[in-house]
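Dropping target-v2.cif in here (mmCIF, C-alpha atoms):
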data_target
loop_
_atom_site.label_atom_id
_atom_site.label_comp_id
_atom_site.auth_asym_id
_atom_site.auth_seq_id
_atom_site.Cartn_x
_atom_site.Cartn_y
_atom_site.Cartn_z
CA MET A 1 72.28 -77.81 296.45
CA LYS A 2 74.16 -74.87 297.83
CA ARG A 3 74.45 -73.34 294.36
CA GLN A 4 70.70 -73.71 293.80
CA VAL A 5 69.92 -71.94 297.07
CA LEU A 6 72.34 -69.19 296.08
CA PHE A 7 70.63 -68.93 292.67
CA VAL A 8 67.16 -68.62 294.22
CA VAL A 9 68.37 -65.97 296.67
CA ALA A 10 70.02 -64.00 293.85
CA VAL A 11 66.89 -64.20 291.70
CA LEU A 12 64.74 -62.98 294.59
CA VAL A 13 67.08 -60.09 295.36
CA VAL A 14 67.29 -58.96 291.72
CA ALA A 15 63.53 -59.34 291.22
CA GLY A 16 62.84 -57.39 294.39
CA VAL A 17 65.10 -54.53 293.37
CA PHE A 18 63.67 -54.50 289.85
CA LEU A 19 60.03 -54.55 290.97
CA GLY A 20 60.73 -51.92 293.61
CA ALA A 21 62.21 -49.69 290.96
CA LEU A 22 59.32 -50.46 288.64
CA ALA A 23 56.75 -49.43 291.24
CA ARG A 24 58.24 -45.95 291.51
CA ILE A 25 58.72 -45.37 287.80
CA HIS A 26 57.40 -42.23 286.19
CA PRO A 27 53.88 -42.77 284.75
CA PHE A 28 53.90 -43.73 281.10
CA GLY A 29 52.88 -40.98 278.70
CA ASP A 30 52.89 -38.26 281.37
CA THR A 31 55.94 -36.21 280.53
CA THR A 32 57.27 -33.49 282.76
CA ARG A 33 57.33 -30.14 281.02
CA ALA A 34 60.77 -28.58 281.08
CA PRO A 35 61.23 -24.92 280.07
CA MET A 36 63.86 -25.92 277.51
CA ASP A 37 61.31 -28.03 275.58
CA ASP A 38 58.99 -25.05 275.25
CA TYR A 39 61.91 -22.90 274.08
CA TYR A 40 62.79 -25.40 271.35
CA LEU A 41 59.19 -25.81 270.19
CA GLU A 42 58.54 -22.07 270.05
CA ASN A 43 61.80 -20.75 268.62
CA ALA A 44 63.36 -23.48 266.47
CA GLN A 45 61.41 -22.59 263.35
CA ARG A 46 62.14 -18.87 263.64
CA GLU A 47 65.80 -19.09 264.65
CA ARG A 48 67.05 -21.94 262.45
CA SER A 49 64.38 -21.88 259.70
CA VAL A 50 63.77 -25.63 259.95
CA ASN A 51 60.49 -27.50 260.16
CA ASN A 52 61.72 -30.68 261.82
CA VAL A 53 62.47 -29.69 265.41
CA VAL A 54 64.07 -33.06 266.18
CA THR A 55 66.69 -32.51 263.47
CA SER A 56 67.31 -28.96 264.66
CA ILE A 57 68.08 -30.28 268.15
CA VAL A 58 70.22 -33.17 266.93
CA PHE A 59 72.31 -31.23 264.43
CA ASP A 60 72.28 -27.69 265.76
CA TYR A 61 71.41 -27.11 269.41
CA ARG A 62 73.05 -30.35 270.51
CA GLY A 63 75.48 -30.79 267.63
CA PHE A 64 78.31 -31.85 269.90
CA ASP A 65 76.49 -35.11 270.67
CA THR A 66 76.23 -35.88 266.98
CA LEU A 67 79.95 -35.22 266.62
CA GLY A 68 80.57 -37.84 269.29
CA GLU A 69 78.28 -40.30 267.53
CA ALA A 70 80.14 -39.80 264.25
CA ALA A 71 83.45 -40.32 266.05
CA VAL A 72 82.12 -43.56 267.58
CA LEU A 73 81.11 -44.85 264.15
CA PHE A 74 84.50 -43.89 262.73
CA THR A 75 86.26 -45.75 265.55
CA ALA A 76 84.12 -48.84 264.96
CA VAL A 77 84.96 -48.85 261.24
CA CYS A 78 88.67 -48.39 262.00
CA SER A 79 88.63 -51.35 264.42
CA VAL A 80 86.88 -53.61 261.92
CA LEU A 81 89.38 -52.63 259.22
CA ALA A 82 92.25 -53.34 261.59
CA LEU A 83 90.75 -56.74 262.47
CA PHE A 84 90.14 -57.93 258.90
CA ARG A 85 93.05 -56.25 257.14
CA GLU A 86 94.88 -57.80 254.22
CA GLY A 87 97.63 -60.22 255.06
CA SER A 88 96.48 -60.90 258.59
CA GLU A 89 96.41 -64.66 257.93
CA LYS A 90 100.14 -64.88 257.31
CA ARG A 91 101.27 -64.39 260.89
CA MET B 1 41.41 -50.18 270.29
CA ASN B 2 44.83 -48.57 270.38
CA GLY B 3 45.64 -50.23 273.67
CA TYR B 4 44.81 -53.65 272.27
CA ALA B 5 47.12 -53.07 269.30
CA HIS B 6 49.93 -52.10 271.68
CA MET B 7 49.33 -55.19 273.79
CA ALA B 8 49.29 -57.51 270.77
CA VAL B 9 52.56 -56.12 269.37
CA LEU B 10 54.27 -56.21 272.77
CA ALA B 11 53.12 -59.81 273.36
CA ILE B 12 54.56 -60.93 270.01
CA ILE B 13 57.79 -59.05 270.87
CA VAL B 14 58.11 -61.05 274.10
CA ILE B 15 57.41 -64.33 272.25
CA ALA B 16 60.04 -63.49 269.59
CA ALA B 17 62.60 -62.62 272.28
CA PHE B 18 61.88 -65.90 274.06
CA TYR B 19 62.38 -67.92 270.87
CA ALA B 20 65.62 -66.02 270.12
CA VAL B 21 67.02 -67.52 273.33
CA TRP B 22 65.24 -70.91 273.04
CA PHE B 23 66.38 -72.07 269.59
CA ARG B 24 69.44 -74.32 269.42
CA ASP B 25 69.96 -73.56 265.73
CA LEU B 26 71.75 -70.22 265.60
CA LEU B 27 70.33 -69.22 262.20
CA SER B 28 66.77 -69.61 263.52
CA SER B 29 67.76 -67.55 266.53
CA VAL B 30 69.08 -64.76 264.31
CA ILE B 31 65.88 -64.73 262.25
CA SER B 32 63.84 -64.56 265.44
CA LEU B 33 65.95 -61.60 266.55
CA ALA B 34 65.19 -59.89 263.22
CA VAL B 35 61.46 -60.40 263.80
CA PHE B 36 61.94 -58.91 267.27
CA SER B 37 63.63 -55.82 265.82
CA LEU B 38 60.98 -55.36 263.13
CA LEU B 39 58.14 -55.52 265.65
CA LEU B 40 60.04 -53.14 267.92
CA ALA B 41 60.24 -50.71 264.99
CA LEU B 42 56.46 -51.08 264.53
CA GLU B 43 55.97 -50.34 268.22
CA TYR B 44 58.13 -47.21 267.97
CA PHE B 45 56.06 -46.08 265.01
CA MET B 46 52.85 -46.62 266.96
CA LEU B 47 54.28 -44.54 269.80
CA GLN B 48 54.79 -41.71 267.25
CA ALA B 49 58.58 -41.80 267.07
CA PRO B 50 59.23 -42.29 263.33
CA ASP B 51 62.89 -41.23 263.61
CA VAL B 52 63.71 -44.09 265.95
CA ALA B 53 61.50 -46.43 263.93
CA ILE B 54 63.47 -45.87 260.72
CA ALA B 55 66.79 -46.32 262.52
CA GLU B 56 65.62 -49.48 264.29
CA ALA B 57 64.21 -51.03 261.12
CA ALA B 58 67.38 -50.34 259.13
CA ILE B 59 69.97 -51.18 261.78
CA GLY B 60 68.20 -53.86 263.80
CA ALA B 61 66.28 -55.77 261.16
CA GLY B 62 68.60 -55.23 258.20
CA LEU B 63 72.23 -54.66 259.04
CA SER B 64 72.67 -56.54 262.30
CA THR B 65 70.96 -59.61 260.84
CA ALA B 66 73.33 -59.52 257.87
CA ILE B 67 76.35 -59.10 260.16
CA TYR B 68 75.22 -62.00 262.38
CA ILE B 69 74.74 -64.26 259.36
CA ILE B 70 78.18 -63.33 258.02
CA ALA B 71 79.70 -64.12 261.43
CA LEU B 72 77.86 -67.47 261.49
CA ARG B 73 79.25 -68.33 258.07
CA ALA B 74 82.76 -67.44 259.23
CA CYS B 75 82.42 -69.63 262.32
CA LYS B 76 81.05 -72.48 260.21
CA ALA B 77 84.01 -72.18 257.84
CA LEU B 78 86.45 -72.27 260.74
CA LYS B 79 84.99 -75.21 262.65
CA SER B 80 83.96 -78.67 261.51
CA PRO B 81 80.80 -78.53 259.38
CA ARG B 82 78.39 -79.94 261.98
CA GLY B 83 75.15 -78.01 261.56
CA GLY B 84 73.01 -77.23 264.54
CA GLU B 85 69.82 -79.22 264.99
CA GLY B 86 66.62 -77.84 266.45
CA ARG B 87 65.66 -78.88 269.92
CA MET C 1 79.20 -66.95 250.77
CA ASN C 2 77.53 -68.63 247.82
CA PRO C 3 75.21 -66.58 245.60
CA LEU C 4 71.52 -67.30 246.12
CA SER C 5 69.05 -68.57 243.54
CA VAL C 6 67.82 -66.69 240.49
CA VAL C 7 64.51 -65.77 242.15
CA VAL C 8 66.26 -63.97 244.99
CA ARG C 9 68.63 -62.22 242.58
CA THR C 10 65.78 -60.96 240.38
CA ILE C 11 63.87 -59.56 243.36
CA CYS C 12 67.11 -58.00 244.61
CA ASP C 13 67.68 -56.32 241.23
CA ILE C 14 64.34 -54.57 241.57
CA PHE C 15 64.34 -53.70 245.26
CA ALA C 16 67.92 -52.45 245.53
CA TRP C 17 66.95 -49.39 243.47
CA PHE C 18 64.02 -48.62 245.76
CA LEU C 19 66.24 -48.95 248.84
CA GLY C 20 68.86 -46.58 247.42
CA ILE C 21 66.32 -43.97 246.35
CA PHE C 22 64.45 -44.15 249.65
CA GLY C 23 67.67 -43.74 251.60
CA ALA C 24 68.71 -40.74 249.52
CA TYR C 25 65.24 -39.24 250.06
CA VAL C 26 65.50 -39.67 253.82
CA ILE C 27 68.96 -38.06 253.85
CA ILE C 28 68.08 -35.07 251.64
CA HIS C 29 64.70 -34.36 253.28
CA GLY C 30 66.15 -34.77 256.77
CA HIS C 31 65.17 -31.27 257.87
CA ILE C 32 61.57 -31.57 256.62
CA SER C 33 60.37 -35.13 257.19
CA PRO C 34 61.31 -37.64 259.90
CA GLY C 35 64.71 -39.17 259.45
CA GLY C 36 68.10 -37.68 258.88
CA GLY C 37 71.65 -38.56 258.01
CA PHE C 38 72.03 -41.58 260.26
CA GLN C 39 68.70 -43.20 259.38
CA GLY C 40 69.02 -42.68 255.62
CA GLY C 41 72.62 -43.84 255.65
CA ALA C 42 71.61 -47.03 257.41
CA VAL C 43 68.93 -47.65 254.76
CA VAL C 44 71.45 -47.21 251.92
CA ALA C 45 73.92 -49.49 253.70
CA THR C 46 71.15 -52.11 253.87
CA MET C 47 71.18 -51.99 250.07
CA ALA C 48 74.88 -52.95 250.15
CA ALA C 49 74.06 -55.82 252.52
CA LEU C 50 71.26 -57.01 250.19
CA LEU C 51 73.55 -57.01 247.15
CA LEU C 52 76.33 -58.82 249.02
CA VAL C 53 74.02 -61.53 250.38
CA ALA C 54 72.19 -62.10 247.09
CA TYR C 55 75.14 -62.06 244.72
CA GLY C 56 77.88 -63.51 246.91
CA GLY C 57 81.12 -61.88 247.89
CA LYS C 58 83.13 -62.84 244.83
CA LYS C 59 81.05 -61.04 242.22
CA VAL C 60 80.39 -57.85 244.21
CA LEU C 61 83.90 -57.50 245.58
CA SER C 62 85.36 -57.81 242.08
CA PHE C 63 84.13 -54.33 241.12
CA VAL C 64 83.79 -52.58 244.49
CA ARG C 65 86.88 -50.71 245.63
CA PRO C 66 87.06 -50.10 249.39
CA GLY C 67 89.35 -47.10 248.82
CA ILE C 68 86.42 -45.10 247.44
CA TYR C 69 84.41 -45.83 250.59
CA THR C 70 87.32 -44.84 252.81
CA GLY C 71 87.61 -41.52 250.99
CA MET C 72 83.85 -40.95 251.27
CA GLU C 73 83.94 -41.58 255.00
CA ALA C 74 86.84 -39.20 255.58
CA THR C 75 85.14 -36.56 253.38
CA GLY C 76 81.88 -36.81 255.30
CA LEU C 77 83.51 -36.50 258.70
CA LEU C 78 85.72 -33.60 257.57
CA VAL C 79 82.78 -31.68 256.08
CA PHE C 80 80.84 -32.22 259.30
CA ILE C 81 83.63 -30.97 261.56
CA THR C 82 84.44 -28.06 259.22
CA ALA C 83 80.82 -26.92 259.15
CA GLY C 84 80.88 -27.06 262.93
CA PHE C 85 84.07 -25.00 263.16
CA LEU C 86 82.96 -22.35 260.66
CA GLY C 87 80.36 -21.05 263.09
CA ILE C 88 82.87 -20.64 265.90
CA GLY C 89 82.53 -16.84 265.71
CA THR C 90 79.42 -17.24 267.84
CA THR C 91 79.58 -20.76 269.27
CA PHE C 92 80.77 -24.17 268.14
CA PHE C 93 78.13 -25.70 265.80
CA TYR C 94 76.39 -22.35 265.32
CA ASN C 95 74.06 -22.36 262.31
CA PHE C 96 75.66 -19.50 260.38
CA LEU C 97 73.87 -20.22 257.10
CA ALA C 98 70.25 -20.18 258.28
CA GLY C 99 68.13 -17.42 256.84
CA GLN C 100 71.01 -15.82 254.92
CA GLY C 101 69.72 -16.59 251.44
CA GLY C 102 71.63 -18.59 248.88
CA LEU C 103 71.71 -22.34 248.43
CA PHE C 104 70.97 -23.41 251.99
CA GLY C 105 69.46 -20.27 253.47
CA SER C 106 65.83 -19.86 252.44
CA VAL C 107 63.53 -18.61 255.17
CA VAL C 108 60.55 -20.83 255.94
CA PRO C 109 57.22 -19.20 256.86
CA LEU C 110 56.22 -19.62 260.48
CA GLY C 111 53.47 -21.95 261.54
CA PRO C 112 52.49 -25.33 260.09
CA ASN C 113 53.61 -25.59 256.48
CA SER C 114 55.05 -28.21 254.16
CA GLY C 115 58.60 -26.85 254.27
CA ILE C 116 61.11 -25.63 251.71
CA LEU C 117 63.85 -27.97 250.50
CA ASN C 118 66.76 -25.49 250.39
CA SER C 119 66.33 -24.11 253.90
CA ALA C 120 67.82 -24.91 257.30
CA GLY C 121 71.41 -23.78 256.73
CA THR C 122 74.12 -26.07 258.05
CA ILE C 123 71.55 -28.61 259.27
CA SER C 124 70.95 -29.76 255.70
CA LEU C 125 74.67 -29.74 254.93
CA MET C 126 75.46 -31.77 258.05
CA ASN C 127 72.68 -34.24 257.18
CA MET C 128 74.33 -34.93 253.85
CA ALA C 129 77.80 -35.19 255.41
CA VAL C 130 76.69 -37.59 258.14
CA GLY C 131 74.71 -39.58 255.58
CA LEU C 132 77.82 -39.97 253.42
CA GLU C 133 79.84 -41.05 256.43
CA VAL C 134 77.29 -43.59 257.67
CA VAL C 135 76.76 -45.11 254.21
CA SER C 136 80.45 -45.63 253.61
CA GLY C 137 81.20 -46.71 257.19
CA LEU C 138 78.55 -49.42 257.43
CA SER C 139 79.29 -50.61 253.88
CA LEU C 140 83.00 -50.84 254.76
CA ILE C 141 82.19 -53.00 257.80
CA LEU C 142 80.15 -55.40 255.63
CA ILE C 143 82.73 -55.50 252.82
CA TYR C 144 85.64 -56.20 255.13
CA MET C 145 83.69 -58.90 256.99
CA PHE C 146 83.03 -60.57 253.63
CA LYS C 147 86.72 -60.38 252.82
CA GLY C 148 87.45 -61.96 256.18
CA ILE C 149 85.12 -64.88 255.38
CA ARG C 150 86.83 -65.41 252.05
CA LEU C 151 90.11 -65.46 253.95
CA PHE C 152 88.87 -68.34 256.12
CA GLU C 153 87.15 -70.24 253.32
CA GLY C 154 90.18 -69.98 251.05
CA ARG C 155 92.20 -71.79 253.66
CA GLU C 156 90.14 -74.93 253.08
CA GLY C 157 90.39 -74.58 249.32
CA ARG C 158 86.65 -74.19 248.75
CA SER C 159 85.32 -71.85 246.08
CA GLU C 160 81.93 -70.23 245.72
CA ARG C 161 79.20 -72.19 244.02
CA GLY C 162 75.72 -71.03 243.11
CA HIS C 163 72.54 -73.01 243.51
CA ASP C 164 71.74 -73.08 239.81
CA ARG C 165 74.94 -73.90 238.02
#

Hey, can you dump this file as structure tokens for me?
Amino acid sequence: MKRQVLFVVAVLVVAGVFLGALARIHPFGDTTRAPMDDYYLENAQRERSVNNVVTSIVFDYRGFDTLGEAAVLFTAVCSVLALFREGSEKR
Amino acid sequence: MNGYAHMAVLAIIVIAAFYAVWFRDLLSSVISLAVFSLLLALEYFMLQAPDVAIAEAAIGAGLSTAIYIIALRACKALKSPRGGEGR
Amino acid sequence: MNPLSVVVRTICDIFAWFLGIFGAYVIIHGHISPGGGFQGGAVVATMAALLLVAYGGKKVLSFVRPGIYTGMEATGLLVFITAGFLGIGTTFFYNFLAGQGGLFGSVVPLGPNSGILNSAGTISLMNMAVGLEVVSGLSLILIYMFKGIRLFEGREGRSERGHDR
């Protein structure tokens, strides 16, 4: 009984916080215009000679993020190889 | 018209997510999760984000389903072969 | 994992080619059309998953060497980091090849156009490097998980059996 009351109280608290956050969310489809976005859209094709502006941001302007992503994938592959390596059933 | 298409896809996404939790049989749950990922990729494409749509369709619907099925086979080989039955 | 039936294997024989070619297209045209190294690499790795599921681990793992994939992954990551470091005269990850002429340096006309394939400088090079790394990395995860299953199934003394033999 006590656990059920605790469960209902927890659900109400979490739902209240979630709905309160949802009421103040930014309107969908109404993006704020940052000056950096306009800079990318105007100058990416002239500076980097690329048509896909998304790729120019991912691999050039913000290339350090992509380096981190590649390092994360490399770490994941290394951990899987260490988990399933040959001869791990003998010990 | 466009709003109705969004609502239909999002409703089926919610139904697929519910069935991914509801099924007792883990293989059915994994297939339901693949349907969820595929419809999420369709929703990304309708919101004009084809980059994310390609990544979601390949990773979510293809690779993670394969990895889950491989993990299920490994667990089935470890434990006693008592298959799950639907609720 | 047992190989699936002959219907599944025939369909897989046809569609694996389309998956590989589509993935290579997404990687190479990453600076023109939507997509890029990560997305195209994931599509090509899905081809590896399709072959492994349809044909079973025993037949595919008999002619696939994981050492080649390990070398491909290290090559991709090293090319990516090297192309980042070569532009360090200006900044890290500076696009030093764009608009310089040569293999990667064609200049695209401004405004809406259909794009030129050998443009975009190091962006195109990094797309190919990241694509190589993602293909080999995700394929290595699948291959080693299959080897792990065979490890567990071999303990019980069971061997692979197809549906139709």

Subject >> Reference answer for the PyMOL selection byres ((chain B) within 10 of (chain C)), as a PyMOL selection string >> reply: chain B and resi 49-67+69-78

Subject >> Non-local contacts of stretch 69-73 of chain A (12 Å; only C-alpha atoms; under 4 positions in same chain excluded) as a ChimeraX atom specification >> reply: /A:58-59,62-65,77-80 /C:37-38,42,73-74,76-81,126-127,129-141

Original post:
Smallest atom-to-atom distance to chain B: which of A:Leu81, A:Arg46, A:Gly29, A:Met36, using only C-alpha atoms?
Top reply: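 Using only C-alpha atoms, the shortest distance to chain B belongs to A:Gly29.
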
Original post:
How many Å separate atom CA of A:Arg33 from atom CA of A:Ser49?
Top reply: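 It comes out at 23.9 Å.
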
Subject >> Residue nearest C:Tyr25 - candidates C:Phe63, C:Met128, C:Tyr69, C:Val108, atoms counted: all atoms listed in the file >> reply: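 Closest candidate: C:Met128.
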
**OP:** Quick one: pull the distance between atom CA of C:Leu110 and atom CA of A:Asn51, Å, one decimal.
**Re:**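 Straight-line distance from atom CA of C:Leu110 to atom CA of A:Asn51 works out to 9.0 Å.
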
**OP:** Excluding A:Ser56 and any residue of its chain fewer than 3 positions from it, enumerate the residues within 9 Å of it, using all atoms listed in the file, and give them as an MDAnalysis selection string.
**Re:** (chainID A and resid 40 44:45 48 50:53 59:63) or (chainID C and resid 31 120 123)

Original post:
Any idea what the distance is between atom CA of C:Leu125 and atom CA of A:Thr66?
Top reply: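 Distance between the two atoms: 13.6 Å.
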
Subject >> Nearby residues, (64.2, -26.5, 250.6) file frame, 9 Å, all atoms listed in the file, as a ChimeraX atom specification >> reply: /C:29,31-32,103-106,108,115-120

Write a file of the selected residues as a short mmCIF file (atom, residue, chain, number, x, y, z; two decimals), in the frame of the given file, keeping C-alpha atoms.
data_model
loop_
_atom_site.label_atom_id
_atom_site.label_comp_id
_atom_site.auth_asym_id
_atom_site.auth_seq_id
_atom_site.Cartn_x
_atom_site.Cartn_y
_atom_site.Cartn_z
CA HIS C 29 64.70 -34.36 253.28
CA HIS C 31 65.17 -31.27 257.87
CA ILE C 32 61.57 -31.57 256.62
CA LEU C 103 71.71 -22.34 248.43
CA PHE C 104 70.97 -23.41 251.99
CA GLY C 105 69.46 -20.27 253.47
CA SER C 106 65.83 -19.86 252.44
CA VAL C 108 60.55 -20.83 255.94
CA GLY C 115 58.60 -26.85 254.27
CA ILE C 116 61.11 -25.63 251.71
CA LEU C 117 63.85 -27.97 250.50
CA ASN C 118 66.76 -25.49 250.39
CA SER C 119 66.33 -24.11 253.90
CA ALA C 120 67.82 -24.91 257.30
#

Subject >> Option closest in space to A:Glu47, from C:Tyr94, C:Tyr55, C:Phe22, C:Trp17 [counting all atoms listed in the file] >> reply: C:Tyr94

**OP:** Identify the residues within 7 Å of coordinate (58.2, -52.7, 269.4) (same frame as the file), considering all atoms listed in the file, and give the answer as a ChimeraX atom specification.
**Re:** /B:9-10,13,39-44

**OP:** Write out as a PyMOL selection string each polymer residue whose atoms come within 9 Å of B:His6, counting all atoms listed in the file; drop sequence neighbours fewer than 5 positions from it.
**Re:** chain B and resi 1+11+43+46-47

Original post:
Where does the PyMOL selection byres ((chain B and resi 17) around 10) land in this file, that is, which residues does it pick, as a ChimeraX atom specification?
Top reply: /B:11-16,18-22,29,32-37

Output of the above residues as a compact mmCIF listing (two decimals), in the frame of the given file, restricted to C-alpha atoms:
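File part_38.txt, as written:
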# COMPACT_ATOMS: atom_id res chain seq x y z
CA ALA B 11 53.12 -59.81 273.36
CA ILE B 12 54.56 -60.93 270.01
CA ILE B 13 57.79 -59.05 270.87
CA VAL B 14 58.11 -61.05 274.10
CA ILE B 15 57.41 -64.33 272.25
CA ALA B 16 60.04 -63.49 269.59
CA PHE B 18 61.88 -65.90 274.06
CA TYR B 19 62.38 -67.92 270.87
CA ALA B 20 65.62 -66.02 270.12
CA VAL B 21 67.02 -67.52 273.33
CA TRP B 22 65.24 -70.91 273.04
CA SER B 29 67.76 -67.55 266.53
CA SER B 32 63.84 -64.56 265.44
CA LEU B 33 65.95 -61.60 266.55
CA ALA B 34 65.19 -59.89 263.22
CA VAL B 35 61.46 -60.40 263.80
CA PHE B 36 61.94 -58.91 267.27
CA SER B 37 63.63 -55.82 265.82

Output as an mmCIF file, in the coordinates of the input: stretch 94-102 of chain C, completed with all heavy atoms.
data_model
loop_
_atom_site.group_PDB
_atom_site.id
_atom_site.type_symbol
_atom_site.label_atom_id
_atom_site.label_comp_id
_atom_site.auth_asym_id
_atom_site.auth_seq_id
_atom_site.Cartn_x
_atom_site.Cartn_y
_atom_site.Cartn_z
ATOM 1 N N TYR C 94 77.408 -23.364 265.539
ATOM 2 C CA TYR C 94 76.390 -22.350 265.320
ATOM 3 C C TYR C 94 75.928 -22.408 263.871
ATOM 4 O O TYR C 94 76.732 -22.580 262.953
ATOM 5 C CB TYR C 94 76.944 -20.959 265.633
ATOM 6 C CG TYR C 94 75.942 -19.859 265.421
ATOM 7 C CD1 TYR C 94 74.844 -19.744 266.263
ATOM 8 C CD2 TYR C 94 76.082 -18.959 264.381
ATOM 9 C CE1 TYR C 94 73.919 -18.756 266.066
ATOM 10 C CE2 TYR C 94 75.156 -17.969 264.181
ATOM 11 C CZ TYR C 94 74.080 -17.870 265.022
ATOM 12 O OH TYR C 94 73.148 -16.896 264.831
ATOM 13 N N ASN C 95 74.625 -22.236 263.666
ATOM 14 C CA ASN C 95 74.060 -22.360 262.310
ATOM 15 C C ASN C 95 74.209 -21.019 261.602
ATOM 16 O O ASN C 95 73.318 -20.192 261.622
ATOM 17 C CB ASN C 95 72.592 -22.766 262.434
ATOM 18 C CG ASN C 95 72.060 -23.282 261.143
ATOM 19 O OD1 ASN C 95 72.639 -23.058 260.099
ATOM 20 N ND2 ASN C 95 70.958 -23.978 261.210
ATOM 21 N N PHE C 96 75.379 -20.818 260.953
ATOM 22 C CA PHE C 96 75.660 -19.500 260.380
ATOM 23 C C PHE C 96 75.028 -19.300 259.020
ATOM 24 O O PHE C 96 75.076 -18.199 258.492
ATOM 25 C CB PHE C 96 77.171 -19.290 260.287
ATOM 26 C CG PHE C 96 77.857 -20.215 259.324
ATOM 27 C CD1 PHE C 96 78.189 -19.780 258.059
ATOM 28 C CD2 PHE C 96 78.169 -21.506 259.700
ATOM 29 C CE1 PHE C 96 78.810 -20.626 257.181
ATOM 30 C CE2 PHE C 96 78.778 -22.356 258.814
ATOM 31 C CZ PHE C 96 79.110 -21.914 257.551
ATOM 32 N N LEU C 97 74.443 -20.353 258.435
ATOM 33 C CA LEU C 97 73.870 -20.220 257.100
ATOM 34 C C LEU C 97 72.364 -20.012 257.117
ATOM 35 O O LEU C 97 71.784 -19.723 256.089
ATOM 36 C CB LEU C 97 74.171 -21.474 256.269
ATOM 37 C CG LEU C 97 75.569 -21.618 255.704
ATOM 38 C CD1 LEU C 97 75.693 -22.973 255.049
ATOM 39 C CD2 LEU C 97 75.806 -20.558 254.663
ATOM 40 N N ALA C 98 71.715 -20.171 258.260
ATOM 41 C CA ALA C 98 70.250 -20.180 258.280
ATOM 42 C C ALA C 98 69.703 -18.782 258.040
ATOM 43 O O ALA C 98 70.102 -17.810 258.693
ATOM 44 C CB ALA C 98 69.758 -20.697 259.627
ATOM 45 N N GLY C 99 68.793 -18.680 257.088
ATOM 46 C CA GLY C 99 68.130 -17.420 256.840
ATOM 47 C C GLY C 99 68.984 -16.377 256.163
ATOM 48 O O GLY C 99 68.635 -15.205 256.140
ATOM 49 N N GLN C 100 70.120 -16.782 255.572
ATOM 50 C CA GLN C 100 71.010 -15.820 254.920
ATOM 51 C C GLN C 100 70.787 -15.749 253.424
ATOM 52 O O GLN C 100 71.486 -15.005 252.743
ATOM 53 C CB GLN C 100 72.466 -16.197 255.184
ATOM 54 C CG GLN C 100 72.830 -16.303 256.642
ATOM 55 C CD GLN C 100 72.838 -14.954 257.309
ATOM 56 O OE1 GLN C 100 73.256 -13.964 256.718
ATOM 57 N NE2 GLN C 100 72.336 -14.890 258.538
ATOM 58 N N GLY C 101 69.868 -16.542 252.885
ATOM 59 C CA GLY C 101 69.720 -16.590 251.440
ATOM 60 C C GLY C 101 70.746 -17.526 250.843
ATOM 61 O O GLY C 101 71.584 -18.085 251.535
ATOM 62 N N GLY C 102 70.668 -17.707 249.516
ATOM 63 C CA GLY C 102 71.630 -18.590 248.880
ATOM 64 C C GLY C 102 71.132 -20.020 248.810
ATOM 65 O O GLY C 102 69.926 -20.273 248.870
#
